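run_20.tsv (TSV, C-alpha atoms) appears below.
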chain	number	residue	atom	x	y	z
A	1	MET	CA	-63.20	147.20	-79.01
A	2	ARG	CA	-64.03	147.80	-82.60
A	3	LYS	CA	-64.99	145.11	-85.04
A	4	HIS	CA	-62.24	145.90	-87.48
A	5	ASP	CA	-59.50	145.57	-84.76
A	6	VAL	CA	-57.17	142.75	-85.76
A	7	ASN	CA	-55.88	142.08	-82.23
A	8	LYS	CA	-57.87	139.66	-80.07
A	9	MET	CA	-58.36	139.75	-76.31
A	10	VAL	CA	-57.82	136.29	-74.74
A	11	GLY	CA	-57.63	135.95	-70.99
A	12	GLY	CA	-56.88	139.66	-70.53
A	13	LYS	CA	-53.95	139.56	-72.99
A	14	VAL	CA	-53.82	141.00	-76.45
A	15	LYS	CA	-52.84	138.44	-79.07
A	16	LYS	CA	-51.81	139.31	-82.60
A	17	PRO	CA	-52.77	137.06	-85.47
A	18	GLY	CA	-50.04	135.28	-87.40
A	19	LYS	CA	-47.74	132.31	-87.11
A	20	ARG	CA	-47.40	130.63	-83.78
A	21	GLY	CA	-44.12	129.67	-82.12
A	22	ARG	CA	-40.65	131.05	-82.35
A	23	LYS	CA	-39.75	133.23	-85.28
A	24	PRO	CA	-36.52	132.42	-87.08
A	25	ALA	CA	-33.71	134.72	-86.04
A	26	LYS	CA	-32.18	136.79	-88.77
A	27	ILE	CA	-28.60	135.67	-88.16
A	28	ASP	CA	-25.98	136.23	-90.76
A	29	LEU	CA	-25.20	132.79	-92.18
A	30	LYS	CA	-21.51	133.63	-92.66
A	31	ALA	CA	-21.17	134.62	-88.99
A	32	LYS	CA	-22.95	131.44	-87.92
A	33	LEU	CA	-20.65	129.34	-90.08
A	34	GLU	CA	-17.56	131.10	-88.68
A	35	ARG	CA	-18.75	130.48	-85.11
A	36	SER	CA	-19.22	126.83	-85.95
A	37	ARG	CA	-15.71	126.60	-87.40
A	38	GLN	CA	-14.24	128.34	-84.35
A	39	SER	CA	-16.08	125.96	-82.05
A	40	ALA	CA	-14.73	122.99	-84.02
A	41	ARG	CA	-11.17	124.37	-83.78
A	42	GLU	CA	-11.51	124.76	-80.01
A	43	CYS	CA	-12.93	121.24	-79.72
A	44	ARG	CA	-9.98	119.78	-81.65
A	45	ALA	CA	-7.52	121.73	-79.47
A	46	ARG	CA	-9.16	120.39	-76.29
A	47	LYS	CA	-9.08	116.87	-77.70
A	48	LYS	CA	-5.39	117.21	-78.56
A	49	LEU	CA	-4.56	118.40	-75.02
A	50	ARG	CA	-6.58	115.58	-73.50
A	51	TYR	CA	-4.73	112.98	-75.58
A	52	GLN	CA	-1.36	114.52	-74.70
A	53	TYR	CA	-2.25	114.36	-71.00
A	54	LEU	CA	-3.36	110.73	-71.31
A	55	GLU	CA	-0.19	109.76	-73.21
A	56	GLU	CA	1.97	111.34	-70.50
A	57	LEU	CA	-0.04	109.53	-67.85
A	58	VAL	CA	0.42	106.19	-69.63
A	59	SER	CA	4.17	106.70	-70.03
A	60	SER	CA	4.58	107.61	-66.35
A	61	LYS	CA	2.62	104.52	-65.34
A	62	GLU	CA	4.77	102.38	-67.66
A	63	ARG	CA	7.94	103.77	-66.03
A	64	ALA	CA	6.51	102.98	-62.58
A	65	ILE	CA	5.72	99.43	-63.71
A	66	CYS	CA	9.30	98.96	-64.98
A	67	ALA	CA	10.72	100.21	-61.67
A	68	LEU	CA	8.45	97.84	-59.74
A	69	ARG	CA	9.46	94.92	-61.96
A	70	GLU	CA	13.13	95.67	-61.30
A	71	GLU	CA	12.42	95.82	-57.58
A	72	LEU	CA	10.53	92.52	-57.74
A	73	GLU	CA	13.43	90.91	-59.62
A	74	MET	CA	15.84	92.14	-56.95
A	75	TYR	CA	13.67	90.58	-54.22
A	76	LYS	CA	13.47	87.33	-56.20
A	77	GLN	CA	17.26	87.25	-56.41
A	78	TRP	CA	17.52	87.87	-52.68
A	79	CYS	CA	15.09	85.00	-51.97
A	80	SER	CA	16.93	82.71	-54.36
A	81	ALA	CA	20.24	83.52	-52.67
A	82	MET	CA	18.77	82.90	-49.22
A	83	ASP	CA	17.33	79.56	-50.39
A	84	GLN	CA	20.89	78.58	-51.30
A	85	GLY	CA	22.10	79.59	-47.85
A	86	LYS	CA	23.70	82.87	-48.93
A	87	ILE	CA	22.74	86.15	-47.35
A	88	PRO	CA	22.77	89.16	-49.74
A	89	SER	CA	24.97	92.03	-48.64
A	90	GLU	CA	21.98	94.41	-48.49
A	91	ILE	CA	20.24	92.18	-45.96
A	92	LYS	CA	23.47	91.67	-44.00
A	93	ALA	CA	23.75	95.44	-43.75
A	94	LEU	CA	20.22	95.64	-42.38
A	95	LEU	CA	20.82	92.84	-39.87
A	96	THR	CA	24.19	94.09	-38.58
A	97	GLY	CA	22.97	97.62	-37.94
A	98	ASP	CA	24.80	99.35	-40.79
A	99	GLU	CA	21.51	101.10	-41.61
A	100	GLN	CA	22.49	103.87	-39.18
A	101	LYS	CA	24.80	105.20	-41.89
A	102	PRO	CA	23.04	107.46	-44.39
A	103	PRO	CA	22.15	105.46	-47.52
A	104	GLN	CA	23.87	106.33	-50.80
A	105	GLY	CA	20.57	107.41	-52.40
A	106	GLY	CA	19.71	110.07	-49.82
A	107	GLY	CA	19.70	111.08	-46.20
A	108	ILE	CA	16.83	108.87	-45.02
A	109	LYS	CA	17.59	106.42	-42.21
A	110	VAL	CA	16.10	102.96	-42.55
A	111	SER	CA	14.85	100.93	-39.62
A	112	LYS	CA	15.29	97.17	-39.40
A	113	ASN	CA	11.54	96.64	-39.69
A	114	ASN	CA	11.09	98.70	-42.84
A	115	LYS	CA	13.10	97.07	-45.63
A	116	ASN	CA	11.09	98.76	-48.40
A	117	ASN	CA	12.57	102.17	-47.60
A	118	ASN	CA	16.00	100.72	-48.32
A	119	ASN	CA	15.11	100.48	-52.03
A	120	ALA	CA	16.31	104.00	-52.73
A	121	SER	CA	19.85	102.98	-51.85
A	122	THR	CA	19.79	99.36	-53.04
A	123	ASN	CA	18.01	99.52	-56.40
A	124	GLY	CA	21.25	100.15	-58.25
A	125	GLN	CA	22.99	97.22	-56.50
A	126	SER	CA	20.90	94.32	-57.84
Rendering of file as structure tokens:
Amino acid sequence: MRKHDVNKMVGGKVKKPGKRGRKPAKIDLKAKLERSRQSARECRARKKLRYQYLEELVSSKERAICALREELEMYKQWCSAMDQGKIPSEIKALLTGDEQKPPQGGGIKVSKNNKNNNNASTNGQS
């Protein structure tokens, strides 16, 4: 090597003098700003979809809770009637074997042991 060579040999590699580290990329600032704006728009759209999904989920859960409360109220009324010595017509139907007829709500047959399946046909009769 010559003395006036600017490049240095270190560990078998040629190193050039100058600043160390990563050089700043020559990116157009307007393009970078537009990419940032586009990314923000996409982020807001994803957020909006996520909130819509969560709101739908909450409303469906609220509807399920209302249906379960109605069912619970129906069972409370049945228990209250039985405490007074009255047998509700839905339970009489189960005990007398009328469950062999297709329920009004659909074509599912209900066994005597499974009173919960009878809800489809008895929910409207509370």
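You will find atom CA of Ser80 of chain A at 26.7 Å from atom CA of Glu62 of chain A.
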A straight line from atom CA of Ser89 of chain A to atom CA of Cys66 of chain A spans 23.7 Å
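Closest approach to Lys76 of chain A from the set A:Pro88, A:Lys48, A:Arg63, A:Lys32 is made by A:Pro88, with distances taken over all atoms listed in the file.
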